[in-house]
file my_file_36.csv (CSV, C-alpha atoms and all ligand atoms)
chain,number,residue,atom,x,y,z
A,730,MET,CA,2.1,-22.6,-11.8
A,731,SER,CA,4.6,-23.5,-9.0
A,732,VAL,CA,7.7,-21.6,-8.1
A,733,ASP,CA,10.1,-24.3,-9.2
A,734,THR,CA,9.1,-23.7,-12.8
A,735,LEU,CA,10.0,-20.0,-12.6
A,736,GLU,CA,13.7,-19.2,-12.0
A,737,LEU,CA,13.7,-16.7,-9.2
A,738,GLU,CA,16.2,-13.9,-9.1
A,739,GLN,CA,14.4,-12.5,-6.1
A,740,ASP,CA,16.6,-13.0,-3.0
A,741,VAL,CA,14.1,-12.7,-0.2
A,742,THR,CA,16.7,-14.0,2.3
A,743,THR,CA,18.5,-10.7,2.1
A,744,SER,CA,15.4,-8.7,2.9
A,745,VAL,CA,15.4,-6.9,6.2
A,746,PRO,CA,12.3,-6.2,8.2
A,747,GLY,CA,10.6,-3.0,7.2
A,748,ASP,CA,10.9,-2.9,3.4
A,749,ILE,CA,8.8,0.3,3.4
A,750,ARG,CA,9.3,2.6,6.3
A,751,CYS,CA,7.7,6.1,6.3
A,752,GLU,CA,7.9,8.2,9.4
A,753,ASP,CA,6.1,11.5,10.0
A,754,LEU,CA,5.9,12.0,6.2
A,755,VAL,CA,4.7,15.4,5.2
A,756,ARG,CA,4.0,16.7,1.7
A,757,ILE,CA,2.8,20.2,1.2
A,758,PHE,CA,1.8,21.5,-2.3
A,759,SER,CA,1.8,25.2,-2.6
A,760,GLY,CA,0.9,27.4,-5.5
A,761,GLN,CA,-1.2,30.6,-6.2
A,762,GLY,CA,-1.0,31.5,-2.5
A,763,VAL,CA,-2.8,28.3,-1.4
A,764,GLU,CA,-1.1,25.5,0.6
A,765,VAL,CA,-2.4,21.9,0.6
A,766,GLN,CA,-1.1,19.5,3.2
A,767,ALA,CA,-1.6,16.2,1.3
A,768,LEU,CA,0.4,14.1,3.9
A,769,GLN,CA,0.3,15.3,7.5
A,770,GLY,CA,2.8,13.1,9.4
A,771,LEU,CA,2.1,9.7,7.9
A,772,THR,CA,3.7,6.7,9.4
A,773,LEU,CA,3.7,3.4,7.7
A,774,ARG,CA,5.8,0.2,7.9
A,775,VAL,CA,5.5,-2.7,5.6
A,776,ASP,CA,7.7,-5.8,6.3
A,777,ALA,CA,9.5,-7.8,3.6
A,778,GLY,CA,7.2,-10.1,1.7
A,779,GLU,CA,4.0,-8.5,3.0
A,780,LEU,CA,1.0,-7.7,0.8
A,781,VAL,CA,-0.8,-4.6,2.1
A,782,ALA,CA,-3.6,-2.5,0.8
A,783,VAL,CA,-3.8,1.2,1.5
A,784,VAL,CA,-7.4,2.5,1.3
A,785,GLY,CA,-8.9,6.0,1.8
A,786,ALA,CA,-11.4,8.4,0.5
A,787,SER,CA,-10.7,10.7,-2.5
A,788,GLY,CA,-8.1,13.3,-1.5
A,789,SER,CA,-6.9,11.5,1.6
A,790,GLY,CA,-3.3,11.4,0.2
A,791,LYS,CA,-3.0,7.9,-1.3
A,792,SER,CA,-1.6,8.9,-4.7
A,793,THR,CA,0.8,11.4,-3.0
A,794,LEU,CA,2.2,8.6,-0.9
A,795,LEU,CA,2.6,6.3,-3.9
A,796,THR,CA,4.2,8.9,-6.0
A,797,ILE,CA,6.8,9.5,-3.2
A,798,LEU,CA,7.4,5.7,-2.8
A,799,SER,CA,7.9,5.4,-6.5
A,800,GLY,CA,10.6,8.1,-6.5
A,801,LEU,CA,8.7,10.5,-8.7
A,802,ASP,CA,8.2,13.0,-6.0
A,803,THR,CA,10.0,14.1,-2.8
A,804,PRO,CA,8.3,14.7,0.6
A,805,SER,CA,8.5,18.1,2.3
A,806,ALA,CA,9.6,16.6,5.6
A,807,GLY,CA,9.8,13.3,7.4
A,808,SER,CA,11.6,10.1,6.4
A,809,ALA,CA,10.9,7.5,3.7
A,810,ARG,CA,13.0,4.4,3.1
A,811,VAL,CA,12.2,1.6,0.7
A,812,ALA,CA,14.4,-1.5,0.7
A,813,GLY,CA,17.0,0.5,2.7
A,814,VAL,CA,17.1,3.3,0.1
A,815,ASP,CA,16.6,6.8,1.6
A,816,LEU,CA,14.2,8.5,-0.8
A,817,LEU,CA,15.0,12.0,0.5
A,818,SER,CA,18.6,11.9,-0.3
A,819,MET,CA,18.8,10.0,-3.6
A,820,THR,CA,20.9,11.4,-6.3
A,821,ALA,CA,19.5,11.5,-9.9
A,822,LYS,CA,21.6,8.4,-10.8
A,823,GLN,CA,20.4,6.5,-7.7
A,824,ARG,CA,16.8,7.4,-8.6
A,825,VAL,CA,17.1,5.8,-12.1
A,826,GLN,CA,18.6,2.7,-10.5
A,827,TYR,CA,15.9,2.7,-7.8
A,828,GLN,CA,13.1,2.9,-10.4
A,829,ARG,CA,14.7,0.3,-12.7
A,830,HIS,CA,15.6,-2.3,-10.1
A,831,THR,CA,14.2,-1.7,-6.6
A,832,VAL,CA,10.6,-1.0,-7.3
A,833,GLY,CA,8.1,-2.0,-9.9
A,834,PHE,CA,4.9,-0.1,-10.6
A,835,VAL,CA,1.4,-0.8,-11.9
A,836,TRP,CA,-0.7,2.3,-12.7
A,837,GLN,CA,-4.4,2.7,-13.0
A,838,GLN,CA,-4.5,3.6,-16.6
A,839,THR,CA,-3.8,0.4,-18.6
A,840,SER,CA,-2.4,2.6,-21.4
A,841,ARG,CA,0.3,3.9,-19.1
A,842,ASN,CA,1.6,0.4,-18.2
A,843,LEU,CA,2.1,-1.2,-21.7
A,844,VAL,CA,3.7,-0.1,-25.0
A,845,PRO,CA,0.8,-0.3,-27.4
A,846,TYR,CA,2.6,-1.7,-30.4
A,847,LEU,CA,4.5,-4.5,-28.5
A,848,THR,CA,3.0,-7.9,-27.8
A,849,ALA,CA,2.6,-9.0,-24.1
A,850,VAL,CA,5.8,-11.1,-24.2
A,851,GLU,CA,7.8,-8.2,-25.8
A,852,ASN,CA,6.3,-5.8,-23.1
A,853,VAL,CA,7.5,-8.0,-20.3
A,854,ALA,CA,10.9,-8.5,-21.9
A,855,LEU,CA,11.4,-4.7,-22.4
A,856,PRO,CA,12.6,-3.8,-18.9
A,857,MET,CA,14.9,-6.8,-19.0
A,858,VAL,CA,16.5,-5.5,-22.2
A,859,LEU,CA,17.4,-2.2,-20.4
A,860,ALA,CA,18.8,-4.2,-17.4
A,861,ARG,CA,20.6,-6.6,-19.8
A,862,THR,CA,19.0,-9.6,-18.1
A,863,PRO,CA,19.8,-12.9,-19.8
A,864,ASP,CA,17.2,-15.4,-21.0
A,865,ARG,CA,14.6,-12.7,-21.3
A,866,GLU,CA,12.0,-14.5,-23.5
A,867,ARG,CA,11.9,-17.5,-21.2
A,868,ARG,CA,11.4,-15.4,-18.1
A,869,ALA,CA,8.8,-13.3,-19.8
A,870,THR,CA,6.9,-16.4,-20.8
A,871,ASP,CA,7.1,-17.9,-17.3
A,872,LEU,CA,5.8,-14.6,-15.8
A,873,LEU,CA,2.9,-14.5,-18.2
A,874,LYS,CA,2.1,-18.1,-17.1
A,875,LEU,CA,2.3,-17.1,-13.4
A,876,LEU,CA,-0.2,-14.2,-14.1
A,877,ASP,CA,-2.5,-16.6,-16.0
A,878,VAL,CA,-2.2,-14.6,-19.2
A,879,ALA,CA,0.1,-17.0,-21.2
A,880,HIS,CA,-2.7,-17.0,-23.9
A,881,CYS,CA,-2.0,-13.3,-24.5
A,882,ALA,CA,1.8,-13.7,-25.2
A,883,ASP,CA,1.6,-12.7,-28.9
A,884,ARG,CA,-1.2,-10.1,-28.6
A,885,THR,CA,-0.8,-6.4,-28.5
A,886,PRO,CA,-2.7,-4.6,-25.7
A,887,SER,CA,-5.6,-3.6,-28.0
A,888,ARG,CA,-6.4,-7.3,-28.4
A,889,MET,CA,-6.6,-8.0,-24.7
A,890,SER,CA,-9.3,-7.2,-22.1
A,891,GLY,CA,-8.6,-4.6,-19.4
A,892,GLY,CA,-8.1,-7.3,-16.8
A,893,GLU,CA,-5.6,-9.1,-19.0
A,894,GLN,CA,-3.7,-5.9,-19.7
A,895,GLN,CA,-3.4,-5.2,-16.0
A,896,ARG,CA,-2.1,-8.8,-15.3
A,897,VAL,CA,0.5,-8.3,-18.1
A,898,ALA,CA,1.3,-5.0,-16.5
A,899,VAL,CA,2.0,-6.9,-13.2
A,900,ALA,CA,4.4,-9.2,-15.1
A,901,VAL,CA,6.2,-6.1,-16.6
A,902,ALA,CA,6.5,-4.6,-13.1
A,903,VAL,CA,8.2,-7.7,-11.6
A,904,ALA,CA,10.3,-8.5,-14.7
A,905,ASN,CA,13.5,-7.1,-13.1
A,906,SER,CA,12.8,-8.8,-9.8
A,907,PRO,CA,12.1,-5.7,-7.7
A,908,ARG,CA,12.1,-5.9,-4.0
A,909,VAL,CA,8.9,-3.9,-3.9
A,910,LEU,CA,5.8,-3.8,-6.1
A,911,LEU,CA,3.7,-0.6,-6.0
A,912,ALA,CA,0.2,-0.4,-7.6
A,913,ASP,CA,-1.9,2.7,-7.8
A,914,GLU,CA,-5.6,1.9,-8.3
A,915,PRO,CA,-4.7,-1.2,-10.4
A,916,THR,CA,-8.4,-2.1,-10.7
A,917,GLY,CA,-9.8,1.4,-11.1
A,918,GLU,CA,-10.8,1.0,-14.7
A,919,LEU,CA,-12.0,-2.6,-14.4
A,920,ASP,CA,-15.4,-4.3,-13.8
A,921,GLU,CA,-15.8,-6.4,-10.6
A,922,ALA,CA,-15.0,-9.8,-12.1
A,923,SER,CA,-11.8,-8.5,-13.7
A,924,SER,CA,-10.8,-6.6,-10.5
A,925,VAL,CA,-11.0,-9.9,-8.6
A,926,GLU,CA,-8.7,-11.6,-11.2
A,927,VAL,CA,-6.1,-8.8,-11.0
A,928,LEU,CA,-6.1,-8.7,-7.2
A,929,GLU,CA,-5.8,-12.5,-7.0
A,930,ALA,CA,-3.0,-12.4,-9.6
A,931,MET,CA,-1.2,-9.9,-7.4
A,932,ARG,CA,-1.7,-12.1,-4.4
A,933,GLY,CA,-0.2,-15.0,-6.4
A,934,VAL,CA,2.8,-13.0,-7.4
A,935,ASN,CA,3.4,-11.8,-3.8
A,936,ALA,CA,3.2,-15.4,-2.6
A,937,GLU,CA,5.3,-17.0,-5.3
A,938,LEU,CA,8.0,-14.3,-5.7
A,939,GLY,CA,8.0,-12.9,-2.1
A,940,VAL,CA,7.9,-9.4,-3.5
A,941,THR,CA,6.7,-6.8,-0.9
A,942,THR,CA,3.5,-5.5,-2.4
A,943,LEU,CA,1.6,-2.3,-1.7
A,944,ILE,CA,-1.8,-1.7,-3.4
A,945,VAL,CA,-3.3,1.8,-3.1
A,946,THR,CA,-7.0,2.0,-3.8
A,947,HIS,CA,-10.3,3.6,-2.9
A,948,ASP,CA,-12.0,0.2,-3.4
A,949,PRO,CA,-12.9,-1.2,0.1
A,950,THR,CA,-13.4,-4.7,-1.3
A,951,VAL,CA,-9.7,-5.0,-1.7
A,952,SER,CA,-9.6,-6.0,2.0
A,953,ASP,CA,-11.1,-9.4,1.0
A,954,HIS,CA,-7.9,-10.2,-0.9
A,955,VAL,CA,-5.2,-9.1,1.5
A,956,ARG,CA,-4.3,-9.8,5.1
A,957,ARG,CA,-3.6,-6.2,6.1
A,958,THR,CA,-5.5,-3.1,5.0
A,959,VAL,CA,-4.3,0.3,6.2
A,960,GLN,CA,-6.7,3.2,6.1
A,961,ILE,CA,-5.5,6.7,5.3
A,962,ARG,CA,-7.5,9.7,6.6
A,963,ASP,CA,-6.5,13.3,6.1
A,964,GLY,CA,-2.9,12.4,5.1
A,965,ARG,CA,-2.3,10.0,8.0
A,966,THR,CA,-2.7,6.3,8.6
A,967,SER,CA,-5.6,6.0,11.0
A,968,THR,CA,-6.8,2.4,11.3
A,969,GLU,CA,-5.7,-1.1,10.1
A,970,VAL,CA,-7.8,-4.2,9.5
A,971,LEU,CA,-6.0,-7.5,9.9
A,972,ARG,CA,-7.6,-10.7,8.5
A,973,ARG,CA,-6.7,-14.2,9.4
A,974,THR,CA,-8.2,-17.6,9.0
A,975,GLU,CA,-9.0,-19.8,12.0
A,976,LEU,CA,-10.6,-23.1,12.6
A,977,ASP,CA,-13.9,-23.2,14.7
A,978,GLU,CA,-14.8,-25.9,17.2
A,979,ALA,CA,-16.1,-28.1,14.3
A,980,GLY,CA,-12.8,-27.7,12.4
A,981,ALA,CA,-14.3,-25.5,9.7
A,982,GLU,CA,-12.3,-22.5,8.4
A,983,ARG,CA,-13.6,-19.1,9.2
A,984,HIS,CA,-12.3,-15.7,8.3
A,985,VAL,CA,-11.8,-13.2,11.1
A,986,ALA,CA,-11.2,-9.4,10.6
A,987,GLU,CA,-10.1,-7.2,13.4
A,988,GLU,CA,-9.8,-3.4,13.3
A,989,PHE,CA,-6.9,-1.6,15.0
A,990,ALA,CA,-6.2,2.1,15.5
A,991,VAL,CA,-2.7,3.0,14.4
A,992,ILE,CA,-0.5,4.5,17.1
A,993,ASP,CA,2.7,6.4,16.1
A,994,ARG,CA,6.1,6.7,17.6
A,995,VAL,CA,5.1,9.4,20.0
A,996,GLY,CA,1.8,7.8,21.0
A,997,ARG,CA,-0.6,9.7,18.8
A,998,LEU,CA,-3.7,7.8,17.6
A,999,GLN,CA,-6.8,8.8,15.8
A,1000,LEU,CA,-10.2,7.5,17.1
A,1001,PRO,CA,-12.5,6.1,14.4
A,1002,SER,CA,-15.0,8.8,13.3
A,1003,ASP,CA,-18.0,6.6,14.2
A,1004,TYR,CA,-16.8,6.4,17.8
A,1005,VAL,CA,-16.2,10.1,17.9
A,1006,GLN,CA,-19.7,10.8,16.5
A,1007,SER,CA,-21.6,8.3,18.6
A,1008,LEU,CA,-20.2,9.7,21.9
A,1009,GLU,CA,-20.1,13.2,20.6
A,1010,LEU,CA,-16.4,13.5,21.6
A,1011,ARG,CA,-14.8,16.9,20.9
A,1012,ASP,CA,-12.0,19.2,22.0
A,1013,ARG,CA,-10.7,16.9,24.8
A,1014,VAL,CA,-11.3,13.6,26.4
A,1015,ARG,CA,-10.4,12.1,29.8
A,1016,LEU,CA,-8.1,9.1,29.8
A,1017,ALA,CA,-7.8,6.4,32.4
A,1018,LEU,CA,-5.0,3.9,32.5
A,1019,GLU,CA,-6.1,0.4,33.5
A,1020,ALA,CA,-4.0,-2.7,34.0
A,1021,ASP,CA,-4.2,-3.8,30.3
A,1022,HIS,CA,-6.1,-1.1,28.5
A,1023,VAL,CA,-6.8,2.6,28.3
A,1024,GLU,CA,-10.3,4.1,28.7
A,1025,VAL,CA,-11.4,7.2,26.9
A,1026,TYR,CA,-14.3,9.3,28.4
A,1027,ARG,CA,-16.2,12.3,27.1
A,1028,ASP,CA,-15.3,15.4,29.0
A,1029,ALA,CA,-18.1,15.4,31.6
A,1030,SER,CA,-17.4,19.1,32.6
A,1031,ARG,CA,-18.8,20.1,29.2
A,1032,ASP,CA,-22.1,18.4,29.9
A,1033,GLY,CA,-22.6,20.3,33.2
A,1034,HIS,CA,-22.0,17.2,35.3
A,1035,ALA,CA,-19.5,16.9,38.1
A,1036,VAL,CA,-16.2,15.6,36.9
A,1037,PRO,CA,-15.5,12.2,38.6
A,1038,GLU,CA,-12.2,12.5,40.5
A,1039,ALA,CA,-9.4,10.6,39.1
A,1040,GLU,CA,-8.1,7.7,41.3
A,1041,PRO,CA,-5.0,8.8,43.2
A,1042,GLU,CA,-1.9,7.1,41.9
A,1043,GLU,CA,-0.4,4.4,44.2
A,1044,GLY,CA,2.3,5.9,46.3
A,1045,SER,CA,1.2,9.5,45.6
A,1046,ARG,CA,0.2,11.9,48.3
B,1,LIG,N1,0.3,18.6,-7.5
B,1,LIG,C1,-0.6,19.0,-6.6
B,1,LIG,N2,-0.8,20.3,-6.3
B,1,LIG,C2,-1.7,20.7,-5.4
B,1,LIG,N3,-2.4,19.9,-4.6
B,1,LIG,C3,-2.3,18.6,-4.8
B,1,LIG,C4,-1.4,18.0,-5.8
B,1,LIG,N4,-1.5,16.7,-5.8
B,1,LIG,C5,-2.4,16.4,-4.8
B,1,LIG,N5,-2.9,17.5,-4.3
B,1,LIG,C6,-3.9,17.6,-3.2
B,1,LIG,O1,-3.4,16.8,-2.1
B,1,LIG,C7,-4.5,16.1,-1.5
B,1,LIG,C8,-4.3,14.6,-1.6
B,1,LIG,O2,-4.3,14.2,-3.0
B,1,LIG,P1,-4.1,12.7,-3.5
B,1,LIG,O3,-4.2,12.7,-5.0
B,1,LIG,O4,-2.9,12.1,-2.9
B,1,LIG,O5,-5.4,11.9,-2.9
B,1,LIG,P2,-6.0,10.5,-3.2
B,1,LIG,O6,-6.3,9.9,-1.9
B,1,LIG,O7,-5.0,9.7,-4.1
B,1,LIG,O8,-7.3,10.9,-4.0
B,1,LIG,P3,-8.0,10.1,-5.2
B,1,LIG,O9,-8.5,8.8,-4.7
B,1,LIG,O10,-9.1,11.0,-5.6
B,1,LIG,O11,-6.9,9.9,-6.3
B,1,LIG,C9,-5.8,16.5,-2.3
B,1,LIG,O12,-6.3,17.6,-1.5
B,1,LIG,C10,-5.2,17.0,-3.6
B,1,LIG,O13,-6.1,18.0,-4.1
call {"tool": "encode", "arguments": {"input": "my_file_36.csv", "output": "structure tokens"}}
result
Amino acid sequence: MSVDTLELEQDVTTSVPGDIRCEDLVRIFSGQGVEVQALQGLTLRVDAGELVAVVGASGSGKSTLLTILSGLDTPSAGSARVAGVDLLSMTAKQRVQYQRHTVGFVWQQTSRNLVPYLTAVENVALPMVLARTPDRERRATDLLKLLDVAHCADRTPSRMSGGEQQRVAVAVAVANSPRVLLADEPTGELDEASSVEVLEAMRGVNAELGVTTLIVTHDPTVSDHVRRTVQIRDGRTSTEVLRRTELDEAGAERHVAEEFAVIDRVGRLQLPSDYVQSLELRDRVRLALEADHVEVYRDASRDGHAVPEAEPEEGSR
């Protein structure tokens, strides 16, 4: 389905760069004398209209980040802004507005996304009833078509597959034209084929509606469906994989994926653990600044070798 058949209320022209901006985000959970630092200075920027996946091992802080971005939890320190809204200083009333209009969510549990006794079209129309959006049924029908689940319009969730339920859930999440769509493990309960359908449907919604989309998952295959994948490790963004398509000499398309380390505002970066392990780096490393790159060396003094002298800086005595 093309965009012109779906009336868009999304005004992407008013979007400013950096629809999601988290800086030095910290979330500490404390209880029974134990403190857990779920987020340890996380920095993340997602521009308007981008589709980004956040991946990471269990316990790395993905859900904590998403719960904060959805306005259900507040960070202990740092800053978090979504579509210009400061999540640390929202009033209760602003929070309701934020959750109703600025962000849409898709949760892992299909049962959490849909009302079981309503049909698909009624589920999609429901958030629009609360927002008093006109022409609800037509928009709901158009969204179901966009998500390729028009055939489910009159079915209740129990008569749909898991993948169909999640695609209807995406339609519900974007019903009120949010600026940002957040999804927490949207394919967590699905088989591989259904997961691909849901991820492709989310990609379609991102492309057609221009809604900034963040998918949080532990499924590394999500990288095949998005152009940017951010890896969280120990409550911090560590690396990013950017994918692009280029033409080779014969004019054939090929997909290229490049991995980058994330560097924060003050210059901190985390080396990939396989680099650290393969060179047995620990405690400290020696850095050398070259014309267009930085070199990282194992601390030779630990190995009992003489430490090579650093080159004197030009102009120094
Ligand atoms: N309410 C809470 N109270 C105490 N600790 C918590 C709470 N929520 C999360 N944590 C801890 O914070 C850390 C990060 O948890 P989080 O759920 O964000 O990770 P995750 O990457 O989403 O993991 P998973 O993929 O298993 O869902 C974990 O060590 C977790 O045990």
call {"tool": "residues_around", "arguments": {"input": "my_file_36.csv", "residues": "Ser967 of chain A", "least_positions_apart": "4", "cutoff": "9 Å", "atoms": "only C-alpha atoms", "output": "PyMOL selection string"}}
result
chain A and resi 959-963+989-992+998-1001
call {"tool": "residues_near_ligand", "arguments": {"input": "my_file_36.csv", "ligand": "ligand LIG 1 (chain B)", "cutoff": "10 Å", "atoms": "all atoms listed in the file", "output": "MDAnalysis selection string"}}
result
chainID A and resid 756:761 763:768 783:796 802 913:914 917 945:948 961:964
call {"tool": "write_last_selection", "arguments": {"input": "my_file_36.csv", "atoms": "C-alpha atoms", "output": "mmCIF file, in the coordinates of the input"}}
result
data_model
loop_
_atom_site.group_PDB
_atom_site.id
_atom_site.type_symbol
_atom_site.label_atom_id
_atom_site.label_comp_id
_atom_site.auth_asym_id
_atom_site.auth_seq_id
_atom_site.Cartn_x
_atom_site.Cartn_y
_atom_site.Cartn_z
ATOM 1 C CA ARG A 756 4.000 16.700 1.700
ATOM 2 C CA ILE A 757 2.800 20.200 1.200
ATOM 3 C CA PHE A 758 1.800 21.500 -2.300
ATOM 4 C CA SER A 759 1.800 25.200 -2.600
ATOM 5 C CA GLY A 760 0.900 27.400 -5.500
ATOM 6 C CA GLN A 761 -1.200 30.600 -6.200
ATOM 7 C CA VAL A 763 -2.800 28.300 -1.400
ATOM 8 C CA GLU A 764 -1.100 25.500 0.600
ATOM 9 C CA VAL A 765 -2.400 21.900 0.600
ATOM 10 C CA GLN A 766 -1.100 19.500 3.200
ATOM 11 C CA ALA A 767 -1.600 16.200 1.300
ATOM 12 C CA LEU A 768 0.400 14.100 3.900
ATOM 13 C CA VAL A 783 -3.800 1.200 1.500
ATOM 14 C CA VAL A 784 -7.400 2.500 1.300
ATOM 15 C CA GLY A 785 -8.900 6.000 1.800
ATOM 16 C CA ALA A 786 -11.400 8.400 0.500
ATOM 17 C CA SER A 787 -10.700 10.700 -2.500
ATOM 18 C CA GLY A 788 -8.100 13.300 -1.500
ATOM 19 C CA SER A 789 -6.900 11.500 1.600
ATOM 20 C CA GLY A 790 -3.300 11.400 0.200
ATOM 21 C CA LYS A 791 -3.000 7.900 -1.300
ATOM 22 C CA SER A 792 -1.600 8.900 -4.700
ATOM 23 C CA THR A 793 0.800 11.400 -3.000
ATOM 24 C CA LEU A 794 2.200 8.600 -0.900
ATOM 25 C CA LEU A 795 2.600 6.300 -3.900
ATOM 26 C CA THR A 796 4.200 8.900 -6.000
ATOM 27 C CA ASP A 802 8.200 13.000 -6.000
ATOM 28 C CA ASP A 913 -1.900 2.700 -7.800
ATOM 29 C CA GLU A 914 -5.600 1.900 -8.300
ATOM 30 C CA GLY A 917 -9.800 1.400 -11.100
ATOM 31 C CA VAL A 945 -3.300 1.800 -3.100
ATOM 32 C CA THR A 946 -7.000 2.000 -3.800
ATOM 33 C CA HIS A 947 -10.300 3.600 -2.900
ATOM 34 C CA ASP A 948 -12.000 0.200 -3.400
ATOM 35 C CA ILE A 961 -5.500 6.700 5.300
ATOM 36 C CA ARG A 962 -7.500 9.700 6.600
ATOM 37 C CA ASP A 963 -6.500 13.300 6.100
ATOM 38 C CA GLY A 964 -2.900 12.400 5.100
#
call {"tool": "residues_around", "arguments": {"input": "my_file_36.csv", "residues": "Asp993 of chain A", "least_positions_apart": "5", "cutoff": "12 Å", "atoms": "all atoms listed in the file", "output": "number ranges by chain"}}
result
A: 751-754, 770-774, 965-968, 998-999
call {"tool": "residues_around", "arguments": {"input": "my_file_36.csv", "residues": "Asn842 of chain A", "least_positions_apart": "6", "cutoff": "12 Å", "atoms": "all atoms listed in the file", "output": "ChimeraX atom specification"}}
result
/A:833-836,849,852-853,855-856,886,891,893-902,912-913,915
call {"tool": "atom_distance", "arguments": {"input": "my_file_36.csv", "atom1": "atom CA of Arg1015 of chain A", "atom2": "atom CA of Ala1029 of chain A"}}
result
8.6 Å
call {"tool": "residues_around", "arguments": {"input": "my_file_36.csv", "residues": "Val1025 of chain A", "least_positions_apart": "4", "cutoff": "12 Å", "atoms": "all atoms listed in the file", "output": "list in words"}}
result
Leu1000, Tyr1004, Val1005, Leu1008, Leu1010, Arg1011, Arg1013, Val1014, Arg1015, Leu1016, Ala1017, Leu1018, Glu1019 and Ala1029 of chain A
call {"tool": "write_last_selection", "arguments": {"input": "my_file_36.csv", "atoms": "C-alpha atoms", "output": "compact mmCIF listing (two decimals), in the frame of the given file"}}
result
# COMPACT_ATOMS: atom_id res chain seq x y z
CA LEU A 1000 -10.20 7.50 17.10
CA TYR A 1004 -16.80 6.40 17.80
CA VAL A 1005 -16.20 10.10 17.90
CA LEU A 1008 -20.20 9.70 21.90
CA LEU A 1010 -16.40 13.50 21.60
CA ARG A 1011 -14.80 16.90 20.90
CA ARG A 1013 -10.70 16.90 24.80
CA VAL A 1014 -11.30 13.60 26.40
CA ARG A 1015 -10.40 12.10 29.80
CA LEU A 1016 -8.10 9.10 29.80
CA ALA A 1017 -7.80 6.40 32.40
CA LEU A 1018 -5.00 3.90 32.50
CA GLU A 1019 -6.10 0.40 33.50
CA ALA A 1029 -18.10 15.40 31.60
call {"tool": "atom_distance", "arguments": {"input": "my_file_36.csv", "atom1": "atom CA of Thr974 of chain A", "atom2": "atom CA of Leu780 of chain A"}}
result
15.8 Å
call {"tool": "atom_distance", "arguments": {"input": "my_file_36.csv", "atom1": "atom CA of Ser805 of chain A", "atom2": "atom CA of Pro907 of chain A"}}
result
26.1 Å
call {"tool": "residues_around", "arguments": {"input": "my_file_36.csv", "residues": "segment 808-823 of chain A", "least_positions_apart": "5", "cutoff": "8 Å", "atoms": "all atoms listed in the file", "output": "list in words"}}
result
Ser744, Val745, Gly747, Asp748, Ile749, Arg750, Cys751, Glu752, Asp753, Leu754, Ile797, Leu798, Gly800, Thr803, Thr831, Arg908 and Val909 of chain A
call {"tool": "decode", "arguments": {"input": "my_file_36.csv", "residues": "segment 750-769 of chain A", "atoms": "C-alpha atoms", "output": "PDB file, in the first residue's frame"}}
result
ATOM      1  CA  ARG A 750      18.502  11.854  23.128  1.00  0.00           C
ATOM      2  CA  CYS A 751      19.886  10.149  26.205  1.00  0.00           C
ATOM      3  CA  GLU A 752      23.023  11.408  27.863  1.00  0.00           C
ATOM      4  CA  ASP A 753      24.869   9.776  30.731  1.00  0.00           C
ATOM      5  CA  LEU A 754      21.697   7.966  31.716  1.00  0.00           C
ATOM      6  CA  VAL A 755      21.935   6.146  35.038  1.00  0.00           C
ATOM      7  CA  ARG A 756      19.309   3.897  36.646  1.00  0.00           C
ATOM      8  CA  ILE A 757      20.026   2.373  39.998  1.00  0.00           C
ATOM      9  CA  PHE A 758      17.631  -0.119  41.567  1.00  0.00           C
ATOM     10  CA  SER A 759      18.052  -0.545  45.273  1.00  0.00           C
ATOM     11  CA  GLY A 760      16.310  -2.809  47.695  1.00  0.00           C
ATOM     12  CA  GLN A 761      17.119  -5.181  50.553  1.00  0.00           C
ATOM     13  CA  GLY A 762      20.563  -3.627  50.903  1.00  0.00           C
ATOM     14  CA  VAL A 763      21.580  -4.470  47.324  1.00  0.00           C
ATOM     15  CA  GLU A 764      22.098  -1.917  44.565  1.00  0.00           C
ATOM     16  CA  VAL A 765      21.939  -2.786  40.876  1.00  0.00           C
ATOM     17  CA  GLN A 766      23.187  -0.260  38.336  1.00  0.00           C
ATOM     18  CA  ALA A 767      21.065  -1.218  35.344  1.00  0.00           C
ATOM     19  CA  LEU A 768      22.181   1.784  33.268  1.00  0.00           C
ATOM     20  CA  GLN A 769      25.676   3.128  33.815  1.00  0.00           C
TER      21      GLN A 769
END
